[in-house]
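What follows is start34.cif (mmCIF, C-alpha atoms and all ligand atoms).
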```cif
data_input
loop_
_atom_site.label_atom_id
_atom_site.label_comp_id
_atom_site.auth_asym_id
_atom_site.auth_seq_id
_atom_site.Cartn_x
_atom_site.Cartn_y
_atom_site.Cartn_z
CA MET A 1 0.00 0.00 0.00
CA LYS A 2 1.20 3.52 -0.77
CA ILE A 3 0.33 6.07 1.92
CA ALA A 4 0.58 9.77 1.06
CA ILE A 5 1.11 12.10 4.03
CA THR A 6 0.58 15.86 3.94
CA GLY A 7 2.48 17.88 6.51
CA ALA A 8 4.97 15.00 6.68
CA ASN A 9 7.49 17.37 8.29
CA SER A 10 5.14 17.96 11.25
CA ARG A 11 5.90 16.29 14.58
CA VAL A 12 3.19 13.70 13.97
CA GLY A 13 4.30 13.32 10.34
CA GLN A 14 7.90 12.52 11.17
CA THR A 15 6.86 10.00 13.83
CA LEU A 16 4.34 8.43 11.44
CA VAL A 17 6.87 8.00 8.63
CA GLN A 18 9.30 6.23 11.00
CA HIS A 19 6.44 4.12 12.38
CA ILE A 20 5.39 2.98 8.89
CA LEU A 21 9.00 2.07 8.03
CA ASP A 22 9.50 0.14 11.27
CA ASN A 23 6.16 -1.66 11.42
CA SER A 24 4.86 -2.27 7.91
CA GLU A 25 5.76 -2.95 4.32
CA HIS A 26 3.90 0.15 3.08
CA SER A 27 5.57 2.83 1.03
CA VAL A 28 5.23 6.53 1.82
CA LEU A 29 4.80 9.65 -0.25
CA ALA A 30 5.94 12.31 2.24
CA GLY A 31 4.55 15.71 1.24
CA ALA A 32 5.39 19.11 2.69
CA ARG A 33 5.44 22.69 1.45
CA SER A 34 9.18 22.43 0.89
CA VAL A 35 11.39 19.40 0.34
CA LYS A 36 14.02 21.07 2.56
CA SER A 37 11.70 20.68 5.54
CA LEU A 38 11.71 16.91 4.94
CA LYS A 39 15.50 16.56 5.27
CA ASP A 40 15.24 14.87 8.69
CA LEU A 41 13.09 12.00 7.41
CA PRO A 42 14.81 8.60 7.46
CA GLN A 43 16.50 7.51 4.22
CA SER A 44 14.72 4.58 2.61
CA SER A 45 13.74 3.37 -0.85
CA ARG A 46 10.18 3.16 0.54
CA ILE A 47 10.03 6.93 1.15
CA GLU A 48 9.54 9.48 -1.59
CA ALA A 49 9.67 13.16 -0.58
CA ALA A 50 7.55 15.62 -2.53
CA ALA A 51 7.05 19.38 -2.38
CA ILE A 52 3.32 20.11 -2.41
CA SER A 53 1.38 23.31 -2.82
CA TYR A 54 -2.12 23.67 -1.44
CA ASP A 55 -2.78 26.51 -3.88
CA ALA A 56 -2.73 24.26 -6.93
CA ALA A 57 -5.15 21.32 -6.63
CA ASP A 58 -4.29 20.00 -10.14
CA GLU A 59 -0.58 19.81 -9.33
CA LEU A 60 -1.39 18.31 -5.95
CA ALA A 61 -3.55 15.67 -7.69
CA LYS A 62 -0.58 14.70 -9.89
CA VAL A 63 1.58 14.22 -6.80
CA LEU A 64 -1.09 12.06 -5.14
CA GLU A 65 -1.62 9.81 -8.18
CA GLY A 66 -1.01 6.17 -7.29
CA ALA A 67 -1.55 6.65 -3.54
CA ASP A 68 -4.04 4.29 -1.88
CA CYS A 69 -4.69 6.56 1.06
CA VAL A 70 -3.92 10.18 2.01
CA VAL A 71 -3.23 11.03 5.64
CA HIS A 72 -3.88 14.76 5.94
CA LEU A 73 -1.80 16.13 8.82
CA ALA A 74 -1.04 19.70 7.73
CA GLY A 75 -2.76 22.03 10.17
CA ILE A 76 -2.01 24.56 12.89
CA LEU A 77 -3.06 25.59 16.40
CA MET A 78 -1.04 28.83 16.46
CA GLU A 79 -1.54 31.23 13.60
CA GLY A 80 1.57 32.89 12.18
CA LYS A 81 2.52 35.74 9.89
CA ASN A 82 1.77 33.62 6.81
CA SER A 83 -0.58 30.97 8.20
CA SER A 84 -4.14 31.45 9.36
CA TYR A 85 -6.77 28.95 10.51
CA ARG A 86 -8.50 29.57 7.18
CA SER A 87 -5.46 28.89 4.99
CA ALA A 88 -3.84 26.10 7.02
CA ASN A 89 -6.86 24.26 8.41
CA VAL A 90 -9.70 24.92 5.96
CA GLU A 91 -8.27 25.83 2.54
CA ALA A 92 -5.43 23.28 2.69
CA THR A 93 -7.99 20.58 3.53
CA ALA A 94 -10.23 21.68 0.65
CA ALA A 95 -7.25 21.38 -1.71
CA VAL A 96 -6.30 17.94 -0.39
CA VAL A 97 -9.80 16.43 -0.72
CA SER A 98 -10.27 17.91 -4.17
CA ALA A 99 -6.85 16.59 -5.29
CA ALA A 100 -7.52 13.18 -3.71
CA LYS A 101 -10.75 12.93 -5.69
CA LYS A 102 -9.06 13.98 -8.94
CA ALA A 103 -6.28 11.46 -8.37
CA SER A 104 -8.81 8.68 -7.58
CA VAL A 105 -7.35 8.13 -4.12
CA SER A 106 -9.95 6.01 -2.39
CA HIS A 107 -9.48 6.98 1.28
CA VAL A 108 -8.58 10.09 3.28
CA VAL A 109 -7.55 9.92 6.95
CA PHE A 110 -7.81 13.30 8.67
CA ILE A 111 -6.42 14.27 12.08
CA SER A 112 -8.79 16.62 13.84
CA VAL A 113 -9.15 17.69 17.44
CA ILE A 114 -11.34 16.91 20.45
CA GLY A 115 -13.72 19.87 20.67
CA ALA A 116 -14.04 20.49 16.90
CA ASP A 117 -17.43 22.11 16.42
CA VAL A 118 -18.78 24.32 13.63
CA ASN A 119 -20.79 26.27 16.22
CA SER A 120 -17.89 26.81 18.61
CA ASP A 121 -17.03 30.36 19.76
CA ASN A 122 -13.42 29.37 19.21
CA ALA A 123 -11.98 29.99 15.73
CA TYR A 124 -9.55 27.03 15.92
CA PHE A 125 -12.26 24.51 16.83
CA ARG A 126 -14.54 25.97 14.13
CA SER A 127 -11.81 25.68 11.49
CA LYS A 128 -11.07 22.05 12.33
CA ALA A 129 -14.81 21.26 12.23
CA GLU A 130 -15.12 22.96 8.83
CA ALA A 131 -12.22 20.85 7.63
CA GLU A 132 -13.93 17.71 8.97
CA GLN A 133 -17.05 18.60 6.97
CA LEU A 134 -15.01 19.09 3.79
CA VAL A 135 -13.47 15.65 4.30
CA ALA A 136 -16.74 13.92 5.24
CA ASN A 137 -18.68 15.43 2.31
CA SER A 138 -15.94 14.97 -0.29
CA GLY A 139 -17.35 11.78 -1.78
CA VAL A 140 -14.06 10.01 -0.93
CA SER A 141 -14.20 7.44 1.89
CA SER A 142 -12.80 9.05 5.00
CA THR A 143 -11.71 8.36 8.55
CA ILE A 144 -11.61 11.37 10.87
CA ILE A 145 -9.71 10.95 14.13
CA ARG A 146 -10.25 13.61 16.79
CA THR A 147 -7.31 13.78 19.17
CA PRO A 148 -6.46 15.55 22.46
CA ILE A 149 -3.00 16.97 23.27
CA LEU A 150 -0.39 14.72 21.68
CA LEU A 151 2.75 13.75 23.60
CA GLY A 152 6.05 12.34 22.39
CA PRO A 153 9.63 13.46 21.80
CA GLY A 154 9.68 16.84 20.06
CA ALA A 155 5.96 17.57 20.49
CA ALA A 156 5.05 21.11 21.57
CA GLY A 157 2.95 19.81 24.50
CA ALA A 158 5.88 17.67 25.66
CA ALA A 159 8.25 20.65 25.58
CA ALA A 160 5.85 22.61 27.81
CA ILE A 161 5.68 19.76 30.35
CA LYS A 162 9.48 19.42 30.33
CA TRP A 163 9.89 23.13 30.95
CA ALA A 164 7.32 23.25 33.76
CA SER A 165 8.51 20.10 35.51
CA GLY A 166 12.11 21.38 35.37
CA SER A 167 11.27 24.63 37.19
CA PRO A 168 10.95 24.58 41.00
CA LYS A 169 7.89 26.88 41.03
CA PRO A 170 6.26 26.84 37.60
CA LYS A 171 3.37 29.24 37.06
CA LEU A 172 0.70 27.50 35.03
CA LEU A 173 -2.31 29.13 33.41
CA GLY A 174 -5.12 28.96 35.97
CA GLY A 175 -2.86 26.81 38.18
CA GLY A 176 -3.17 24.01 35.59
CA ARG A 177 -6.64 23.10 36.90
CA TYR A 178 -8.01 21.73 33.65
CA THR A 179 -8.31 18.11 32.68
CA MET A 180 -6.42 16.54 29.82
CA ARG A 181 -6.47 13.12 28.14
CA PRO A 182 -2.92 13.11 26.69
CA LEU A 183 -2.40 10.67 23.82
CA ASP A 184 0.96 9.12 22.93
CA ILE A 185 1.89 10.04 19.34
CA ASP A 186 3.03 6.43 18.82
CA ASP A 187 -0.53 5.28 19.66
CA LEU A 188 -1.94 7.76 17.14
CA CYS A 189 0.43 6.33 14.52
CA VAL A 190 -0.90 2.81 15.17
CA ALA A 191 -4.46 4.14 14.79
CA VAL A 192 -3.61 5.96 11.55
CA VAL A 193 -1.97 2.95 9.89
CA ASN A 194 -4.80 0.64 10.99
CA SER A 195 -7.26 3.20 9.58
CA CYS A 196 -5.42 3.32 6.25
CA GLN A 197 -5.77 -0.46 6.05
CA THR A 198 -9.51 -0.41 6.82
CA GLN A 199 -11.42 1.72 4.38
CA PRO A 200 -14.90 2.60 5.67
CA ASN A 201 -18.04 2.94 3.58
CA GLY A 202 -18.56 6.68 3.50
CA SER A 203 -17.14 8.68 6.38
CA THR A 204 -16.52 7.75 9.98
CA THR A 205 -15.43 9.96 12.89
CA HIS A 206 -13.60 8.65 15.97
CA GLU A 207 -12.44 10.25 19.19
CA LEU A 208 -9.14 8.79 20.34
CA VAL A 209 -7.82 9.90 23.73
CA GLY A 210 -5.14 8.66 26.13
CA PRO A 211 -5.75 6.15 28.93
CA GLN A 212 -5.85 8.60 31.83
CA ALA A 213 -7.72 11.81 32.59
CA ILE A 214 -5.44 14.10 34.59
CA GLN A 215 -5.32 17.74 35.58
CA TYR A 216 -2.43 19.59 33.96
CA CYS A 217 -0.96 20.55 37.35
CA ASP A 218 -0.88 16.86 38.35
CA LEU A 219 0.69 15.92 35.01
CA VAL A 220 3.52 18.40 35.68
CA LYS A 221 3.95 17.07 39.24
CA MET A 222 4.06 13.51 37.89
CA ALA A 223 6.73 14.44 35.33
CA ALA A 224 8.78 16.21 38.03
CA ARG A 225 8.58 13.22 40.40
CA MET A 226 9.80 10.93 37.62
CA GLN A 227 12.90 13.17 37.53
CA GLY A 228 13.29 12.94 41.32
CA ARG A 229 11.94 16.46 41.96
CA GLU A 230 8.95 18.03 43.68
CA VAL A 231 7.43 21.18 42.18
CA GLU A 232 5.27 23.84 43.74
CA ILE A 233 2.67 24.87 41.20
CA GLY A 234 1.83 28.56 40.98
CA SER A 235 -0.99 30.15 39.05
CA PHE A 236 -1.05 32.76 36.30
CA PRO A 237 -4.60 34.11 35.80
CA ILE A 238 -6.09 32.97 32.49
CA ALA A 239 -7.94 36.27 32.03
CA VAL A 240 -4.71 38.27 32.37
CA ALA A 241 -2.91 35.97 29.90
CA LYS A 242 -5.75 36.42 27.40
CA ILE A 243 -5.69 40.21 27.71
CA ALA A 244 -1.89 40.32 27.36
CA SER A 245 -1.86 38.02 24.31
CA GLY A 246 -4.78 39.95 22.78
CA VAL A 247 -2.89 43.25 23.11
CA LYS A 248 0.29 41.65 21.72
CA GLY A 249 -1.79 40.34 18.79
CA ILE A 250 -2.65 43.91 17.74
CA PHE A 251 1.03 44.54 16.95
CA GLN A 252 2.21 41.08 15.97
CA LYS A 253 0.11 38.43 14.23
CA GLY A 254 0.23 34.85 15.43
CA GLY A 255 1.70 32.96 18.37
CA MET A 256 -0.09 32.73 21.70
CA SER A 257 -3.56 34.28 21.45
CA PRO A 258 -6.79 34.24 23.47
CA THR A 259 -8.00 31.51 21.05
CA VAL A 260 -4.97 29.32 21.73
CA ILE A 261 -5.26 29.91 25.50
CA ASP A 262 -8.89 28.76 25.41
CA VAL A 263 -7.85 25.61 23.54
CA ILE A 264 -4.99 24.65 25.85
CA THR A 265 -6.97 25.30 29.04
CA MET A 266 -10.15 23.48 28.04
CA ASN A 267 -11.21 20.24 29.68
CA GLU A 268 -10.59 17.44 27.18
CA HIS A 269 -13.38 14.90 27.16
CA ALA A 270 -14.33 12.04 24.85
CA GLU A 271 -17.84 10.58 24.74
CA HIS A 272 -16.49 7.28 23.51
CA ASN A 273 -12.83 6.32 23.21
CA ALA A 274 -12.14 4.58 19.89
CA ASP A 275 -8.96 2.81 21.04
CA ALA A 276 -10.48 -0.66 20.60
CA ALA A 277 -12.21 0.24 17.32
CA LEU A 278 -8.91 1.56 15.93
CA GLY A 279 -6.89 -1.41 17.23
CA VAL A 280 -4.78 0.59 19.68
CA ALA A 281 -3.43 -0.69 23.02
CA LEU A 282 -3.04 2.65 24.79
CA THR A 283 0.37 3.38 26.31
CA PRO A 284 0.21 4.14 30.06
CA LEU A 285 0.75 7.86 30.67
CA GLU A 286 3.90 7.33 32.76
CA GLN A 287 5.49 5.37 29.92
CA THR A 288 4.64 8.18 27.48
CA LEU A 289 6.26 10.76 29.77
CA GLN A 290 9.32 8.55 30.10
CA LYS A 291 9.89 8.81 26.34
CA PHE A 292 10.68 12.52 26.51
CA ILE A 293 11.35 13.84 30.00
CA THR A 294 14.82 12.35 30.26
CA GLN A 295 15.91 13.53 26.77
N1 LIG B 1 0.14 18.48 18.48
C1 LIG B 1 -1.02 18.29 19.10
O1 LIG B 1 -1.09 18.23 20.36
C2 LIG B 1 -2.29 18.13 18.28
C3 LIG B 1 -3.53 17.96 18.94
C4 LIG B 1 -4.68 17.77 18.18
C5 LIG B 1 -4.61 17.76 16.80
N2 LIG B 1 -3.41 17.94 16.18
C6 LIG B 1 -3.38 17.94 14.70
O2 LIG B 1 -2.42 17.00 14.24
C7 LIG B 1 -1.81 17.49 13.04
C8 LIG B 1 -0.29 17.45 13.20
O3 LIG B 1 0.05 18.22 14.34
P1 LIG B 1 1.59 18.52 14.72
O4 LIG B 1 1.58 19.08 16.10
O5 LIG B 1 2.43 17.34 14.40
O6 LIG B 1 1.90 19.72 13.70
P2 LIG B 1 3.20 20.65 13.61
O7 LIG B 1 4.41 19.91 14.02
O8 LIG B 1 2.89 21.94 14.32
O9 LIG B 1 3.28 20.96 12.05
C9 LIG B 1 2.32 21.73 11.40
C10 LIG B 1 2.22 21.31 9.95
O10 LIG B 1 1.24 22.14 9.28
C11 LIG B 1 1.84 22.73 8.11
N3 LIG B 1 1.28 24.04 7.82
C12 LIG B 1 1.37 25.19 8.54
N4 LIG B 1 0.73 26.19 7.92
C13 LIG B 1 0.23 25.66 6.78
C14 LIG B 1 -0.53 26.20 5.70
N5 LIG B 1 -0.92 27.48 5.68
N6 LIG B 1 -0.88 25.37 4.69
C15 LIG B 1 -0.52 24.09 4.70
N7 LIG B 1 0.22 23.52 5.68
C16 LIG B 1 0.58 24.30 6.72
C17 LIG B 1 3.33 22.84 8.48
O11 LIG B 1 4.08 22.98 7.29
P3 LIG B 1 5.28 24.05 7.17
O12 LIG B 1 6.41 23.44 7.95
O13 LIG B 1 5.50 24.13 5.72
O14 LIG B 1 4.79 25.33 7.79
C18 LIG B 1 3.55 21.49 9.19
O15 LIG B 1 3.68 20.46 8.26
C19 LIG B 1 -2.36 18.90 12.81
O16 LIG B 1 -3.40 18.85 11.87
C20 LIG B 1 -2.90 19.29 14.16
O17 LIG B 1 -3.99 20.20 14.08
C21 LIG B 1 -2.24 18.12 16.88
#
```
As C-alpha cells, please, write out the structure in this file.
Ligand SMILES: NC(=O)c1ccc[n+]([C@@H]2O[C@H](COP(=O)([O-])OP(=O)(O)OC[C@H]3O[C@@H](n4cnc5c(N)ncnc54)[C@H](OP(=O)(O)O)[C@@H]3O)[C@@H](O)[C@H]2O)c1
Amino acid sequence: MKIAITGANSRVGQTLVQHILDNSEHSVLAGARSVKSLKDLPQSSRIEAAAISYDAADELAKVLEGADCVVHLAGILMEGKNSSYRSANVEATAAVVSAAKKASVSHVVFISVIGADVNSDNAYFRSKAEAEQLVANSGVSSTIIRTPILLGPGAAGAAAIKWASGSPKPKLLGGGRYTMRPLDIDDLCVAVVNSCQTQPNGSTTHELVGPQAIQYCDLVKMAARMQGREVEIGSFPIAVAKIASGVKGIFQKGGMSPTVIDVITMNEHAEHNADAALGVALTPLEQTLQKFITQ
C-alpha cells in the first residue's frame, strides 16, 4: 500500500513515517510545502519526498496519483505571519480532498481535534470542524480521528511539560486546573496505519484519547517526580494571559492568542474512546512521559 502524508514534516508526520517504516511494508509519499523541511526523514527506498502546494489542486492531484490513502496532517493551532486557521486548516484541507478525488485516491484519513465544532465560539475549533465537513462530504471514503493533546519526543505539548517540571515553582495558566487526556503520538500512529488499512463505507469519525484523565498541574507534578523532583505549582490568571496576548496580537500576528489559551486550558473529554475500534493498546501515561522527560 502507498500512503501519502501531507504535513509530513510535522511532529506527527515525522513519527508516522518512521512508524510505517518500522512496522509495515507500506511505502510513503511524504509531502510538505518544501522538500528542505523533509530533510530529517529517514532515508529509505520506501520513502519518496515531494514538495506540495495547497494553492494548486491540479498539481497536488498529480503528486497524489497512485496513492491508496492520504493522511492529511497539515494544520495549525497557532496562527503565524503567513498561516491562518483559514489557509492552514480549511483551505489546505479543501485542496487535499479535491486533489484526492481527482487522483482517484480512495481513502482520506484526517487528524482533527477533540472539541471540533462548527458552532464553537473558538476559531480554531470551528476551522477544524469545517475541515472535517469538507473531508466527510468529499465523496471520498474518510476516517476522521479527533485527538487531544499529543505527547512524544519533540511535540510542543511535551516541551511545555518538560519546561514546567524542570522549574521549581512553575506558574501555570489557571494553576493548571483543567483536565487533559494526553495521547501518545506512537498510539496515534498505530491508529492511523490501521485506519489506512480499513477503508470505511462513506465517512466515519472517531475520538481517540489517552488512557488517563489528569489535571495539567498533576501531570507536571508527575513528570517532576519521575525526575526525582517536587514542584510547587503557581498560578497565572487565564484572564490576564488572554488580555496580554490579545494586546500583543494587535502589533504582531500569530503565536499565543486568546484563542490558543482557550484551547490549551479546556477540559478534554471524549464521549467514547475509539482505542479498541482503531486497534490501539493505549500506552500508560507514565510510559509516554518517560519517552521525553529524560531527553
Ligand atoms: N500536536 C497536538 O497536540 C495536536 C492535537 C490535536 C490535533 N493535532 C493535529 O495534528 C496534526 C499534526 O500536528 P503537529 O503538532 O504534528 O503539527 P506541527 O508539528 O505543528 O506541524 C504543522 C504542519 O502544518 C503545516 N502548515 C502550517 N501552515 C500551513 C498552511 N498554511 N498550509 C498548509 N500547511 C501548513 C506545516 O508545514 P510548514 O512546515 O510548511 O509550515 C507542518 O507540516 C495537525 O493537523 C494538528 O492540528 C495536533
Could you pull the residues within 8 Å of A:Ala57, counting all atoms listed in the file, minus those fewer than 6 positions along the same chain, as a VMD selection string?
-> chain A and resid 95 to 96 98 to 99
Write the selection just made, keeping C-alpha atoms, as a CSV table (one decimal), in the coordinates of the input?
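File out.csv, as written:
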```
chain,number,residue,atom,x,y,z
A,95,ALA,CA,-7.2,21.4,-1.7
A,96,VAL,CA,-6.3,17.9,-0.4
A,98,SER,CA,-10.3,17.9,-4.2
A,99,ALA,CA,-6.8,16.6,-5.3
```
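Of the listed residues A:Pro42, A:Ile264, A:Asp22, A:Arg229, the one whose atoms come nearest to ligand LIG 1 (chain B) is A:Ile264, with distances taken using all atoms listed in the file.
Minimum atom-to-atom distance to ligand LIG 1 (chain B), evaluated using only C-alpha atoms and all ligand atoms, belongs to A:Ala160 out of A:Ala160, A:Ala100, A:Val118, A:Cys69.
A straight line drawn from atom CA of A:Val220 to atom CA of A:Pro170 is 9.1 Å long.
For the set A:Ala61, A:Ala131, A:Val113, A:Val28, the residue with the smallest atom-to-atom gap to A:Lys101 is A:Ala61, counting all atoms listed in the file.
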Which residue gives the smallest distance to A:Ile238 among A:Leu285, A:Val209, A:Leu172, A:Ile250, with all atoms listed in the file counted?
-> A:Leu172
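Once A:His107 and its same-chain neighbours fewer than 2 positions away are set aside, Asp68, Cys69, Val70, Val105, Val109, Val140, Ser141, Ser142 and Gln199 of chain A remain within 7 Å of it when counting all atoms listed in the file.
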Only C-alpha atoms, please: the residues just picked out, written as a PDB file, in the coordinates of the input.
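Wrote it out as selection-v3.pdb, contents follow:
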```pdb
ATOM      1  CA  ASP A  68      -4.040   4.290  -1.880  1.00  0.00           C
ATOM      2  CA  CYS A  69      -4.690   6.560   1.060  1.00  0.00           C
ATOM      3  CA  VAL A  70      -3.920  10.180   2.010  1.00  0.00           C
ATOM      4  CA  VAL A 105      -7.350   8.130  -4.120  1.00  0.00           C
ATOM      5  CA  VAL A 109      -7.550   9.920   6.950  1.00  0.00           C
ATOM      6  CA  VAL A 140     -14.060  10.010  -0.930  1.00  0.00           C
ATOM      7  CA  SER A 141     -14.200   7.440   1.890  1.00  0.00           C
ATOM      8  CA  SER A 142     -12.800   9.050   5.000  1.00  0.00           C
ATOM      9  CA  GLN A 199     -11.420   1.720   4.380  1.00  0.00           C
TER      10      GLN A 199
END
```
Go ahead and find all residues with at least one atom no further than 9 Å from (6.1, 10.5, 37.2) in the file's coordinates, using all atoms listed in the file; report them as a PDB file with C-alpha atoms, in the coordinates of the input.
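To be explicit, this is the file written out as selection_18.pdb:
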```
ATOM      1  CA  LEU A 219       0.690  15.920  35.010  1.00  0.00           C
ATOM      2  CA  VAL A 220       3.520  18.400  35.680  1.00  0.00           C
ATOM      3  CA  LYS A 221       3.950  17.070  39.240  1.00  0.00           C
ATOM      4  CA  MET A 222       4.060  13.510  37.890  1.00  0.00           C
ATOM      5  CA  ALA A 223       6.730  14.440  35.330  1.00  0.00           C
ATOM      6  CA  ALA A 224       8.780  16.210  38.030  1.00  0.00           C
ATOM      7  CA  ARG A 225       8.580  13.220  40.400  1.00  0.00           C
ATOM      8  CA  MET A 226       9.800  10.930  37.620  1.00  0.00           C
ATOM      9  CA  GLN A 227      12.900  13.170  37.530  1.00  0.00           C
ATOM     10  CA  GLY A 228      13.290  12.940  41.320  1.00  0.00           C
ATOM     11  CA  LEU A 285       0.750   7.860  30.670  1.00  0.00           C
ATOM     12  CA  GLU A 286       3.900   7.330  32.760  1.00  0.00           C
ATOM     13  CA  GLN A 287       5.490   5.370  29.920  1.00  0.00           C
ATOM     14  CA  LEU A 289       6.260  10.760  29.770  1.00  0.00           C
ATOM     15  CA  GLN A 290       9.320   8.550  30.100  1.00  0.00           C
TER      16      GLN A 290
END
```
Neighbours of stretch 12-14 of chain A within 10 Å (all atoms listed in the file; same-chain residues fewer than 2 positions away dropped), as a ChimeraX atom specification?
-> /A:5-10,16-19,30-32,38,40-42,71-74,111,150-152,154-155,185-186,188-189
So that all listed atoms of ligand LIG 1 (chain B) fit with 8 Å spare on each side, what axis-aligned box centre and edge lengths in Å, to one decimal, would you give as JSON?
```
{"center_x": 0.9, "center_y": 22.2, "center_z": 12.5, "size_x": 27.1, "size_y": 26.5, "size_z": 31.7}
```
